[in-house]
$ cat my_file.cif   # mmCIF, C-alpha atoms
data_run
#
loop_
_atom_site.group_PDB
_atom_site.id
_atom_site.type_symbol
_atom_site.label_atom_id
_atom_site.label_comp_id
_atom_site.auth_asym_id
_atom_site.auth_seq_id
_atom_site.Cartn_x
_atom_site.Cartn_y
_atom_site.Cartn_z
ATOM 1 C CA ILE A 1 15.443 9.686 23.283
ATOM 2 C CA PHE A 2 13.999 9.283 19.801
ATOM 3 C CA SER A 3 10.465 9.558 21.192
ATOM 4 C CA LEU A 4 11.349 12.725 23.078
ATOM 5 C CA LEU A 5 12.882 14.236 19.963
ATOM 6 C CA VAL A 6 9.783 13.433 17.905
ATOM 7 C CA SER A 7 7.563 14.927 20.591
ATOM 8 C CA ALA A 8 9.674 18.083 20.817
ATOM 9 C CA PHE A 9 9.633 18.434 17.033
ATOM 10 C CA ALA A 10 5.824 18.100 16.969
ATOM 11 C CA ILE A 11 5.427 20.791 19.638
ATOM 12 C CA SER A 12 7.838 23.089 17.790
ATOM 13 C CA ALA A 13 6.074 22.489 14.476
ATOM 14 C CA GLY A 14 2.702 23.256 16.060
ATOM 15 C CA ALA A 15 4.000 26.534 17.458
ATOM 16 C CA GLN A 16 5.499 27.438 14.090
ATOM 17 C CA ASP A 17 2.187 26.697 12.384
ATOM 18 C CA ILE A 18 0.346 29.017 14.757
ATOM 19 C CA GLU A 19 2.851 31.837 14.275
ATOM 20 C CA LYS A 20 2.732 31.443 10.501
ATOM 21 C CA ILE A 21 -1.071 31.548 10.461
ATOM 22 C CA LYS A 22 -1.149 34.486 12.874
ATOM 23 C CA GLY A 23 1.103 36.318 10.436
ATOM 24 C CA PHE A 24 -1.598 36.028 7.784
ATOM 25 C CA VAL A 25 -4.164 37.344 10.288
ATOM 26 C CA TYR A 26 -2.035 40.397 11.101
ATOM 27 C CA LEU A 27 -1.831 41.082 7.360
ATOM 28 C CA GLN A 28 -5.603 40.465 7.056
ATOM 29 C CA LYS A 29 -4.945 37.710 4.518
ATOM 30 C CA PHE A 30 -7.802 35.659 5.929
ATOM 31 C CA LYS A 31 -8.204 33.419 2.890
ATOM 32 C CA ASP A 32 -4.574 32.260 3.105
ATOM 33 C CA ALA A 33 -4.922 31.952 6.871
ATOM 34 C CA LYS A 34 -7.988 29.717 6.488
ATOM 35 C CA THR A 35 -6.195 27.453 4.007
ATOM 36 C CA GLU A 36 -3.285 26.933 6.397
ATOM 37 C CA LEU A 37 -5.482 26.654 9.469
ATOM 38 C CA ASP A 38 -7.807 24.046 7.976
ATOM 39 C CA LYS A 39 -4.773 21.878 7.163
ATOM 40 C CA ALA A 40 -3.289 22.361 10.625
ATOM 41 C CA MET A 41 -6.562 21.556 12.415
ATOM 42 C CA ALA A 42 -6.383 18.028 10.973
ATOM 43 C CA ASN A 43 -3.488 17.467 13.383
ATOM 44 C CA ALA A 44 -4.908 16.363 16.756
ATOM 45 C CA LYS A 45 -2.094 18.013 18.735
ATOM 46 C CA PHE A 46 -2.661 21.312 16.970
ATOM 47 C CA SER A 47 -6.441 21.235 17.377
ATOM 48 C CA ALA A 48 -6.059 20.460 21.095
ATOM 49 C CA LYS A 49 -4.493 23.881 21.674
ATOM 50 C CA PRO A 50 -6.813 26.607 23.014
ATOM 51 C CA GLU A 51 -5.066 29.126 20.780
ATOM 52 C CA ALA A 52 -5.951 27.092 17.683
ATOM 53 C CA HIS A 53 -9.653 27.649 18.361
ATOM 54 C CA ILE A 54 -9.539 31.380 18.943
ATOM 55 C CA LEU A 55 -7.282 31.620 15.915
ATOM 56 C CA LYS A 56 -9.941 29.829 13.874
ATOM 57 C CA SER A 57 -12.605 32.131 15.276
ATOM 58 C CA ALA A 58 -10.605 35.234 14.291
ATOM 59 C CA ILE A 59 -9.958 33.930 10.770
ATOM 60 C CA TYR A 60 -13.496 32.816 10.046
ATOM 61 C CA LEU A 61 -14.885 36.108 11.363
ATOM 62 C CA GLY A 62 -12.458 37.888 9.070
ATOM 63 C CA LEU A 63 -14.059 36.160 6.097
ATOM 64 C CA VAL A 64 -17.632 37.023 7.084
ATOM 65 C CA GLY A 65 -18.716 39.788 4.751
ATOM 66 C CA ASP A 66 -15.983 39.039 2.198
ATOM 67 C CA LYS A 67 -17.680 39.105 -1.213
ATOM 68 C CA GLU A 68 -15.821 35.991 -2.298
ATOM 69 C CA PHE A 69 -17.284 34.107 0.668
ATOM 70 C CA ALA A 70 -20.738 35.726 0.642
ATOM 71 C CA ALA A 71 -22.608 32.433 0.213
ATOM 72 C CA GLN A 72 -20.605 30.864 3.032
ATOM 73 C CA SER A 73 -20.822 33.796 5.457
ATOM 74 C CA PRO A 74 -23.654 32.437 7.669
ATOM 75 C CA GLN A 75 -21.850 29.107 8.108
ATOM 76 C CA LEU A 76 -18.495 30.812 8.648
ATOM 77 C CA PHE A 77 -20.067 32.905 11.402
ATOM 78 C CA GLN A 78 -21.540 29.830 13.104
ATOM 79 C CA ASP A 79 -18.228 27.977 12.835
ATOM 80 C CA ALA A 80 -16.430 31.011 14.280
ATOM 81 C CA LEU A 81 -18.863 31.069 17.202
ATOM 82 C CA ALA A 82 -18.473 27.335 17.831
ATOM 83 C CA SER A 83 -14.692 27.756 17.854
ATOM 84 C CA PHE A 84 -14.925 30.694 20.238
ATOM 85 C CA ASN A 85 -17.094 28.669 22.621
ATOM 86 C CA LYS A 86 -14.600 25.778 22.419
ATOM 87 C CA TYR A 87 -11.777 28.195 23.149
ATOM 88 C CA LYS A 88 -13.566 29.428 26.289
ATOM 89 C CA GLU A 89 -13.902 25.816 27.472
ATOM 90 C CA LEU A 90 -10.185 25.168 27.002
ATOM 91 C CA ASP A 91 -8.802 28.460 28.320
ATOM 92 C CA LYS A 92 -10.658 29.281 31.533
ATOM 93 C CA ALA A 93 -8.249 32.143 32.235
ATOM 94 C CA LEU A 94 -9.081 33.668 28.826
ATOM 95 C CA THR A 95 -5.405 34.365 28.278
ATOM 96 C CA PHE A 96 -5.373 34.595 24.509
ATOM 97 C CA VAL A 97 -8.545 36.646 24.050
ATOM 98 C CA LYS A 98 -6.820 39.482 25.890
ATOM 99 C CA GLU A 99 -3.948 39.499 23.408
ATOM 100 C CA GLN A 100 -3.569 40.608 19.797
ATOM 101 C CA PRO A 101 -4.771 39.609 17.266
ATOM 102 C CA TYR A 102 -7.569 37.932 19.247
ATOM 103 C CA ASN A 103 -8.758 40.810 21.437
ATOM 104 C CA THR A 104 -11.077 42.036 18.678
ATOM 105 C CA VAL A 105 -12.950 38.728 18.377
ATOM 106 C CA PRO A 106 -15.685 39.348 21.013
ATOM 107 C CA GLY A 107 -16.260 42.884 19.713
ATOM 108 C CA THR A 108 -16.618 41.575 16.167
ATOM 109 C CA PHE A 109 -19.265 39.101 17.305
ATOM 110 C CA TYR A 110 -21.027 41.930 19.107
ATOM 111 C CA SER A 111 -20.976 44.205 16.056
ATOM 112 C CA ASN A 112 -22.366 41.476 13.814
ATOM 113 C CA TYR A 113 -25.245 40.704 16.170
ATOM 114 C CA TYR A 114 -25.978 44.382 16.831
ATOM 115 C CA ASN A 115 -25.945 45.415 13.168
ATOM 116 C CA GLU A 116 -28.143 42.506 12.132
ATOM 117 C CA GLY A 117 -30.537 43.420 14.925
ATOM 118 C CA ILE A 118 -30.643 47.035 13.731
ATOM 119 C CA GLY A 119 -31.432 45.870 10.208
ATOM 120 C CA PHE A 120 -34.420 43.837 11.383
ATOM 121 C CA PHE A 121 -35.482 46.546 13.851
ATOM 122 C CA ASN A 122 -35.632 49.190 11.137
ATOM 123 C CA LYS A 123 -37.892 46.899 9.117
ATOM 124 C CA LYS A 124 -40.029 46.252 12.222
ATOM 125 C CA GLU A 125 -39.235 42.547 12.039
ATOM 126 C CA TRP A 126 -39.327 42.151 15.811
ATOM 127 C CA GLU A 127 -39.167 38.351 15.932
ATOM 128 C CA ALA A 128 -35.932 38.360 13.923
ATOM 129 C CA ALA A 129 -34.430 41.382 15.700
ATOM 130 C CA TYR A 130 -34.943 40.213 19.293
ATOM 131 C CA PRO A 131 -32.549 37.209 19.370
ATOM 132 C CA LYS A 132 -29.864 39.258 17.622
ATOM 133 C CA PHE A 133 -29.987 41.957 20.300
ATOM 134 C CA ILE A 134 -30.027 39.336 23.074
ATOM 135 C CA SER A 135 -26.920 37.702 21.596
ATOM 136 C CA ALA A 136 -25.283 41.133 21.364
ATOM 137 C CA ILE A 137 -26.032 41.786 25.039
ATOM 138 C CA GLU A 138 -24.663 38.383 26.040
ATOM 139 C CA MET A 139 -21.441 39.207 24.217
ATOM 140 C CA SER A 140 -21.166 42.689 25.742
ATOM 141 C CA ASP A 141 -21.807 41.162 29.190
ATOM 142 C CA PHE A 142 -18.992 38.689 28.519
ATOM 143 C CA MET A 143 -16.624 41.520 27.621
ATOM 144 C CA ILE A 144 -17.639 43.641 30.611
ATOM 145 C CA ASN A 145 -17.529 40.785 33.130
ATOM 146 C CA ASN A 146 -14.081 39.715 31.955
ATOM 147 C CA LYS A 147 -12.730 43.279 31.869
ATOM 148 C CA LEU A 148 -12.165 43.232 28.129
ATOM 149 C CA LEU A 149 -13.829 46.656 27.963
ATOM 150 C CA ALA A 150 -13.189 49.572 30.293
ATOM 151 C CA ASN A 151 -15.960 51.889 31.491
ATOM 152 C CA PHE A 152 -18.562 50.421 29.169
ATOM 153 C CA PHE A 153 -22.271 49.842 29.696
ATOM 154 C CA ASP A 154 -24.318 48.563 26.769
ATOM 155 C CA THR A 155 -27.034 51.216 26.900
ATOM 156 C CA SER A 156 -27.928 50.993 23.204
ATOM 157 C CA GLY A 157 -28.098 47.205 23.133
ATOM 158 C CA LEU A 158 -30.330 47.044 26.194
ATOM 159 C CA LEU A 159 -32.600 49.847 24.931
ATOM 160 C CA LEU A 160 -33.079 48.229 21.534
ATOM 161 C CA ALA A 161 -33.558 44.753 22.979
ATOM 162 C CA GLY A 162 -36.110 46.097 25.459
ATOM 163 C CA ALA A 163 -37.956 48.090 22.807
ATOM 164 C CA THR A 164 -38.028 45.031 20.536
ATOM 165 C CA ALA A 165 -39.402 42.860 23.335
ATOM 166 C CA GLN A 166 -42.003 45.548 24.057
ATOM 167 C CA ASN A 167 -43.075 45.607 20.387
ATOM 168 C CA LEU A 168 -43.468 41.840 20.362
ATOM 169 C CA LYS A 169 -46.346 42.214 22.873
ATOM 170 C CA THR A 170 -45.620 38.708 24.189
ATOM 171 C CA LYS A 171 -42.374 39.476 26.025
ATOM 172 C CA ASP A 172 -43.345 42.132 28.559
ATOM 173 C CA ALA A 173 -41.471 40.319 31.321
ATOM 174 C CA GLU A 174 -38.325 40.221 29.199
ATOM 175 C CA ALA A 175 -38.744 43.905 28.310
ATOM 176 C CA ALA A 176 -39.120 44.730 32.008
ATOM 177 C CA GLY A 177 -35.944 42.826 32.826
ATOM 178 C CA LEU A 178 -33.964 44.648 30.158
ATOM 179 C CA PHE A 179 -35.358 48.058 31.029
ATOM 180 C CA SER A 180 -34.732 47.386 34.730
ATOM 181 C CA ARG A 181 -31.026 46.974 34.020
ATOM 182 C CA LEU A 182 -31.069 50.442 32.465
ATOM 183 C CA ALA A 183 -33.067 51.918 35.348
ATOM 184 C CA ASP A 184 -30.675 50.348 37.866
ATOM 185 C CA HIS A 185 -27.825 51.993 35.975
ATOM 186 C CA ARG A 186 -29.707 55.314 36.236
ATOM 187 C CA VAL A 187 -30.159 55.783 32.511
ATOM 188 C CA GLY A 188 -32.482 58.749 32.193
ATOM 189 C CA GLY A 189 -33.257 61.738 29.995
ATOM 190 C CA ALA A 190 -36.300 62.751 27.997
ATOM 191 C CA ASP A 191 -35.586 60.204 25.260
ATOM 192 C CA ASN A 192 -35.686 57.380 27.804
ATOM 193 C CA GLU A 193 -38.800 58.344 29.737
ATOM 194 C CA PHE A 194 -40.741 55.618 27.913
ATOM 195 C CA LEU A 195 -38.798 52.835 29.619
ATOM 196 C CA HIS A 196 -39.545 54.203 33.100
ATOM 197 C CA GLN A 197 -43.222 54.584 32.158
ATOM 198 C CA PHE A 198 -43.266 51.027 30.870
ATOM 199 C CA LEU A 199 -41.685 49.713 34.059
ATOM 200 C CA ALA A 200 -44.156 51.618 36.246
ATOM 201 C CA MET A 201 -47.152 50.241 34.319
ATOM 202 C CA HIS A 202 -45.708 46.732 34.134
ATOM 203 C CA TYR A 203 -45.140 46.420 37.868
ATOM 204 C CA LEU A 204 -48.443 48.147 38.663
ATOM 205 C CA ASN A 205 -50.334 45.689 36.453
ATOM 206 C CA ASN A 206 -48.547 42.754 38.041
ATOM 207 C CA LEU A 207 -49.541 43.885 41.526
ATOM 208 C CA VAL A 208 -53.226 43.432 40.672
#
$ encode --input "my_file.cif" --output "structure tokens"
Amino acid sequence: IFSLLVSAFAISAGAQDIEKIKGFVYLQKFKDAKTELDKAMANAKFSAKPEAHILKSAIYLGLVGDKEFAAQSPQLFQDALASFNKYKELDKALTFVKEQPYNTVPGTFYSNYYNEGIGFFNKKEWEAAYPKFISAIEMSDFMINNKLLANFFDTSGLLLAGATAQNLKTKDAEAAGLFSRLADHRVGGADNEFLHQFLAMHYLNNLV
């Protein structure tokens, strides 16, 4: 009986910890949330919960870009991503990512990748821009495939990734793959004629 009571208390305490930390997230008090979360994650029962990992991802993402954590932002982002990947391993049904305050996590990853890619693209730093756009596309594909976004097709991400690959001169096959997704989705218009021209030349050259 004593063992059962201890176990029940531990489960209740873990749930209370999560609710308390989530309260900080709702209030966007990410620094306080991180302090409480880091203490709670030292408890093996707490850290075994799928929700603990998406909670960590949400909190750490919330601190990325905070001036107080500017020096730590790259590591916070990587830790947030690692936690998100761990969450996906533990929650195959993706229950929590469809609920508040976690439903913004994939979109926040996407925005970070996309905006970093744009920054490099505008400076014509193709090598740095390309992996950012690819990561953005992978995240948008995740959201689309798991119905986290309605009626969405990542036209901009695919266009920029394809254009970046094209500018690299060494990734024509990758550019063709990206542009083909747009062509298959019937993306057209005068502004997008270049991708259809590229595809025509690419496949013509590869027939020879």
$ closest_residue --input "my_file.cif" --among "A:Lys56, A:Asn112, A:Phe179, A:Leu159" --to "Pro74 in chain A" --atoms "all atoms listed in the file"
A:Asn112
$ resolve_selection --input "my_file.cif" --expression "the PyMOL selection byres ((chain A and resi 110) around 12)" --output "number ranges by chain"
A: 61, 77, 81, 104-109, 111-117, 132-143, 154, 157
$ write_last_selection --input "my_file.cif" --atoms "C-alpha atoms" --output "compact mmCIF listing (two decimals), keeping the file's coordinate frame"
# COMPACT_ATOMS: atom_id res chain seq x y z
CA LEU A 61 -14.88 36.11 11.36
CA PHE A 77 -20.07 32.90 11.40
CA LEU A 81 -18.86 31.07 17.20
CA THR A 104 -11.08 42.04 18.68
CA VAL A 105 -12.95 38.73 18.38
CA PRO A 106 -15.68 39.35 21.01
CA GLY A 107 -16.26 42.88 19.71
CA THR A 108 -16.62 41.58 16.17
CA PHE A 109 -19.26 39.10 17.30
CA SER A 111 -20.98 44.20 16.06
CA ASN A 112 -22.37 41.48 13.81
CA TYR A 113 -25.24 40.70 16.17
CA TYR A 114 -25.98 44.38 16.83
CA ASN A 115 -25.94 45.42 13.17
CA GLU A 116 -28.14 42.51 12.13
CA GLY A 117 -30.54 43.42 14.92
CA LYS A 132 -29.86 39.26 17.62
CA PHE A 133 -29.99 41.96 20.30
CA ILE A 134 -30.03 39.34 23.07
CA SER A 135 -26.92 37.70 21.60
CA ALA A 136 -25.28 41.13 21.36
CA ILE A 137 -26.03 41.79 25.04
CA GLU A 138 -24.66 38.38 26.04
CA MET A 139 -21.44 39.21 24.22
CA SER A 140 -21.17 42.69 25.74
CA ASP A 141 -21.81 41.16 29.19
CA PHE A 142 -18.99 38.69 28.52
CA MET A 143 -16.62 41.52 27.62
CA ASP A 154 -24.32 48.56 26.77
CA GLY A 157 -28.10 47.20 23.13
$ residues_around --input "my_file.cif" --residues "range 194-197 of chain A" --least-positions-apart "6" --cutoff "10 Å" --atoms "only C-alpha atoms" --output "list in words"
Leu159, Gly162, Ala163, Gln166, Ala175, Ala176, Leu178, Phe179, Ser180, Leu182, Ala183, Val187 and Gly188 of chain A
$ atom_distance --input "my_file.cif" --atom1 "CA of Phe121 in chain A" --atom2 "CA of Val64 in chain A"
21.3 Å
$ atom_distance --input "my_file.cif" --atom1 "CA of Lys86 in chain A" --atom2 "CA of Asn146 in chain A"
16.9 Å
$ atom_distance --input "my_file.cif" --atom1 "CA of Lys20 in chain A" --atom2 "CA of Leu149 in chain A"
28.5 Å
$ resolve_selection --input "my_file.cif" --expression "the PyMOL selection byres ((chain A and resi 100) around 12)" --output "number ranges by chain"
A: 22-23, 25-26, 51, 54-55, 58, 95-99, 101-105
$ residues_around --input "my_file.cif" --residues "His53 in chain A" --least-positions-apart "5" --cutoff "12 Å" --atoms "all atoms listed in the file" --output "count of residues only"
28
$ closest_residue --input "my_file.cif" --among "A:Leu94, A:Asn192, A:Ala165, A:Ala173" --to "Asn145 in chain A" --atoms "all atoms listed in the file"
A:Leu94
$ closest_residue --input "my_file.cif" --among "A:Ala33, A:Asp172, A:Pro131, A:Phe69" --to "Met201 in chain A" --atoms "all atoms listed in the file"
A:Asp172
$ closest_residue --input "my_file.cif" --among "A:Phe24, A:Phe152, A:Asn122, A:Tyr130" --to "Thr170 in chain A" --atoms "all atoms listed in the file"
A:Tyr130
$ axis_aligned_box --input "my_file.cif" --around "range 165-175 of chain A" --padding-each-side "5 Å" --output "AutoDock Vina command-line options"
--center_x -42.3 --center_y 42.2 --center_z 25.8 --size_x 18.0 --size_y 16.9 --size_z 21.0
$ decode --input "my_file.cif" --residues "range 97-109 of chain A" --atoms "all heavy atoms" --output "PDB file, in the first residue's frame"
ATOM      1  N   VAL A  97       1.338  17.691 -29.855  1.00  0.00           N
ATOM      2  CA  VAL A  97       1.703  18.753 -30.795  1.00  0.00           C
ATOM      3  C   VAL A  97       0.472  19.370 -31.462  1.00  0.00           C
ATOM      4  O   VAL A  97       0.550  20.448 -32.055  1.00  0.00           O
ATOM      5  CB  VAL A  97       2.689  18.223 -31.855  1.00  0.00           C
ATOM      6  CG1 VAL A  97       1.974  17.426 -32.927  1.00  0.00           C
ATOM      7  CG2 VAL A  97       3.494  19.350 -32.473  1.00  0.00           C
ATOM      8  N   LYS A  98      -0.659  18.718 -31.314  1.00  0.00           N
ATOM      9  CA  LYS A  98      -1.901  19.252 -31.875  1.00  0.00           C
ATOM     10  C   LYS A  98      -2.664  20.109 -30.864  1.00  0.00           C
ATOM     11  O   LYS A  98      -3.734  20.638 -31.169  1.00  0.00           O
ATOM     12  CB  LYS A  98      -2.776  18.094 -32.352  1.00  0.00           C
ATOM     13  CG  LYS A  98      -2.131  17.279 -33.471  1.00  0.00           C
ATOM     14  CD  LYS A  98      -2.923  16.047 -33.809  1.00  0.00           C
ATOM     15  CE  LYS A  98      -2.193  15.211 -34.876  1.00  0.00           C
ATOM     16  NZ  LYS A  98      -2.907  13.947 -35.181  1.00  0.00           N
ATOM     17  N   GLU A  99      -2.093  20.233 -29.657  1.00  0.00           N
ATOM     18  CA  GLU A  99      -2.767  20.960 -28.597  1.00  0.00           C
ATOM     19  C   GLU A  99      -1.978  22.209 -28.207  1.00  0.00           C
ATOM     20  O   GLU A  99      -0.772  22.287 -28.405  1.00  0.00           O
ATOM     21  CB  GLU A  99      -2.917  20.064 -27.350  1.00  0.00           C
ATOM     22  CG  GLU A  99      -3.709  18.797 -27.584  1.00  0.00           C
ATOM     23  CD  GLU A  99      -3.722  17.884 -26.373  1.00  0.00           C
ATOM     24  OE1 GLU A  99      -3.028  18.214 -25.371  1.00  0.00           O
ATOM     25  OE2 GLU A  99      -4.404  16.846 -26.410  1.00  0.00           O
ATOM     26  N   GLN A 100      -2.651  23.186 -27.639  1.00  0.00           N
ATOM     27  CA  GLN A 100      -1.966  24.345 -27.078  1.00  0.00           C
ATOM     28  C   GLN A 100      -1.246  23.946 -25.792  1.00  0.00           C
ATOM     29  O   GLN A 100      -1.736  23.077 -25.066  1.00  0.00           O
ATOM     30  CB  GLN A 100      -2.970  25.458 -26.782  1.00  0.00           C
ATOM     31  CG  GLN A 100      -3.595  26.053 -28.029  1.00  0.00           C
ATOM     32  CD  GLN A 100      -4.510  27.220 -27.707  1.00  0.00           C
ATOM     33  OE1 GLN A 100      -4.922  27.408 -26.570  1.00  0.00           O
ATOM     34  NE2 GLN A 100      -4.842  28.012 -28.699  1.00  0.00           N
ATOM     35  N   PRO A 101      -0.119  24.519 -25.456  1.00  0.00           N
ATOM     36  CA  PRO A 101       0.592  25.577 -26.186  1.00  0.00           C
ATOM     37  C   PRO A 101       1.646  25.040 -27.160  1.00  0.00           C
ATOM     38  O   PRO A 101       2.546  25.761 -27.560  1.00  0.00           O
ATOM     39  CB  PRO A 101       1.287  26.327 -25.045  1.00  0.00           C
ATOM     40  CG  PRO A 101       1.653  25.243 -24.077  1.00  0.00           C
ATOM     41  CD  PRO A 101       0.526  24.242 -24.148  1.00  0.00           C
ATOM     42  N   TYR A 102       1.494  23.756 -27.553  1.00  0.00           N
ATOM     43  CA  TYR A 102       2.543  23.107 -28.343  1.00  0.00           C
ATOM     44  C   TYR A 102       2.323  23.187 -29.847  1.00  0.00           C
ATOM     45  O   TYR A 102       3.224  22.885 -30.624  1.00  0.00           O
ATOM     46  CB  TYR A 102       2.671  21.638 -27.932  1.00  0.00           C
ATOM     47  CG  TYR A 102       2.755  21.427 -26.447  1.00  0.00           C
ATOM     48  CD1 TYR A 102       1.847  20.606 -25.778  1.00  0.00           C
ATOM     49  CD2 TYR A 102       3.745  22.057 -25.695  1.00  0.00           C
ATOM     50  CE1 TYR A 102       1.923  20.407 -24.409  1.00  0.00           C
ATOM     51  CE2 TYR A 102       3.827  21.862 -24.318  1.00  0.00           C
ATOM     52  CZ  TYR A 102       2.908  21.036 -23.689  1.00  0.00           C
ATOM     53  OH  TYR A 102       2.998  20.852 -22.329  1.00  0.00           O
ATOM     54  N   ASN A 103       1.106  23.561 -30.270  1.00  0.00           N
ATOM     55  CA  ASN A 103       0.791  23.502 -31.699  1.00  0.00           C
ATOM     56  C   ASN A 103       1.549  24.539 -32.523  1.00  0.00           C
ATOM     57  O   ASN A 103       1.533  24.485 -33.749  1.00  0.00           O
ATOM     58  CB  ASN A 103      -0.720  23.640 -31.920  1.00  0.00           C
ATOM     59  CG  ASN A 103      -1.299  24.894 -31.291  1.00  0.00           C
ATOM     60  OD1 ASN A 103      -0.659  25.544 -30.467  1.00  0.00           O
ATOM     61  ND2 ASN A 103      -2.521  25.229 -31.671  1.00  0.00           N
ATOM     62  N   THR A 104       2.214  25.465 -31.859  1.00  0.00           N
ATOM     63  CA  THR A 104       3.020  26.458 -32.587  1.00  0.00           C
ATOM     64  C   THR A 104       4.474  26.026 -32.763  1.00  0.00           C
ATOM     65  O   THR A 104       5.230  26.693 -33.474  1.00  0.00           O
ATOM     66  CB  THR A 104       3.005  27.805 -31.846  1.00  0.00           C
ATOM     67  OG1 THR A 104       3.556  27.632 -30.534  1.00  0.00           O
ATOM     68  CG2 THR A 104       1.591  28.360 -31.733  1.00  0.00           C
ATOM     69  N   VAL A 105       4.857  24.927 -32.124  1.00  0.00           N
ATOM     70  CA  VAL A 105       6.272  24.517 -32.145  1.00  0.00           C
ATOM     71  C   VAL A 105       6.782  24.232 -33.564  1.00  0.00           C
ATOM     72  O   VAL A 105       7.803  24.788 -33.979  1.00  0.00           O
ATOM     73  CB  VAL A 105       6.510  23.312 -31.204  1.00  0.00           C
ATOM     74  CG1 VAL A 105       7.882  22.689 -31.439  1.00  0.00           C
ATOM     75  CG2 VAL A 105       6.401  23.766 -29.748  1.00  0.00           C
ATOM     76  N   PRO A 106       6.111  23.380 -34.359  1.00  0.00           N
ATOM     77  CA  PRO A 106       6.624  23.121 -35.714  1.00  0.00           C
ATOM     78  C   PRO A 106       6.703  24.387 -36.562  1.00  0.00           C
ATOM     79  O   PRO A 106       7.671  24.589 -37.313  1.00  0.00           O
ATOM     80  CB  PRO A 106       5.619  22.126 -36.299  1.00  0.00           C
ATOM     81  CG  PRO A 106       4.966  21.496 -35.122  1.00  0.00           C
ATOM     82  CD  PRO A 106       4.901  22.569 -34.088  1.00  0.00           C
ATOM     83  N   GLY A 107       5.698  25.260 -36.455  1.00  0.00           N
ATOM     84  CA  GLY A 107       5.700  26.498 -37.221  1.00  0.00           C
ATOM     85  C   GLY A 107       6.835  27.429 -36.811  1.00  0.00           C
ATOM     86  O   GLY A 107       7.385  28.149 -37.651  1.00  0.00           O
ATOM     87  N   THR A 108       7.196  27.402 -35.537  1.00  0.00           N
ATOM     88  CA  THR A 108       8.306  28.227 -35.068  1.00  0.00           C
ATOM     89  C   THR A 108       9.629  27.713 -35.630  1.00  0.00           C
ATOM     90  O   THR A 108      10.491  28.507 -36.041  1.00  0.00           O
ATOM     91  CB  THR A 108       8.354  28.255 -33.530  1.00  0.00           C
ATOM     92  OG1 THR A 108       7.098  28.734 -33.022  1.00  0.00           O
ATOM     93  CG2 THR A 108       9.464  29.180 -33.035  1.00  0.00           C
ATOM     94  N   PHE A 109       9.786  26.400 -35.658  1.00  0.00           N
ATOM     95  CA  PHE A 109      10.978  25.828 -36.304  1.00  0.00           C
ATOM     96  C   PHE A 109      11.033  26.262 -37.766  1.00  0.00           C
ATOM     97  O   PHE A 109      12.074  26.693 -38.270  1.00  0.00           O
ATOM     98  CB  PHE A 109      10.961  24.296 -36.234  1.00  0.00           C
ATOM     99  CG  PHE A 109      11.450  23.727 -34.930  1.00  0.00           C
ATOM    100  CD1 PHE A 109      10.623  22.951 -34.135  1.00  0.00           C
ATOM    101  CD2 PHE A 109      12.752  23.956 -34.506  1.00  0.00           C
ATOM    102  CE1 PHE A 109      11.074  22.420 -32.942  1.00  0.00           C
ATOM    103  CE2 PHE A 109      13.212  23.434 -33.304  1.00  0.00           C
ATOM    104  CZ  PHE A 109      12.362  22.664 -32.522  1.00  0.00           C
TER     105      PHE A 109
END
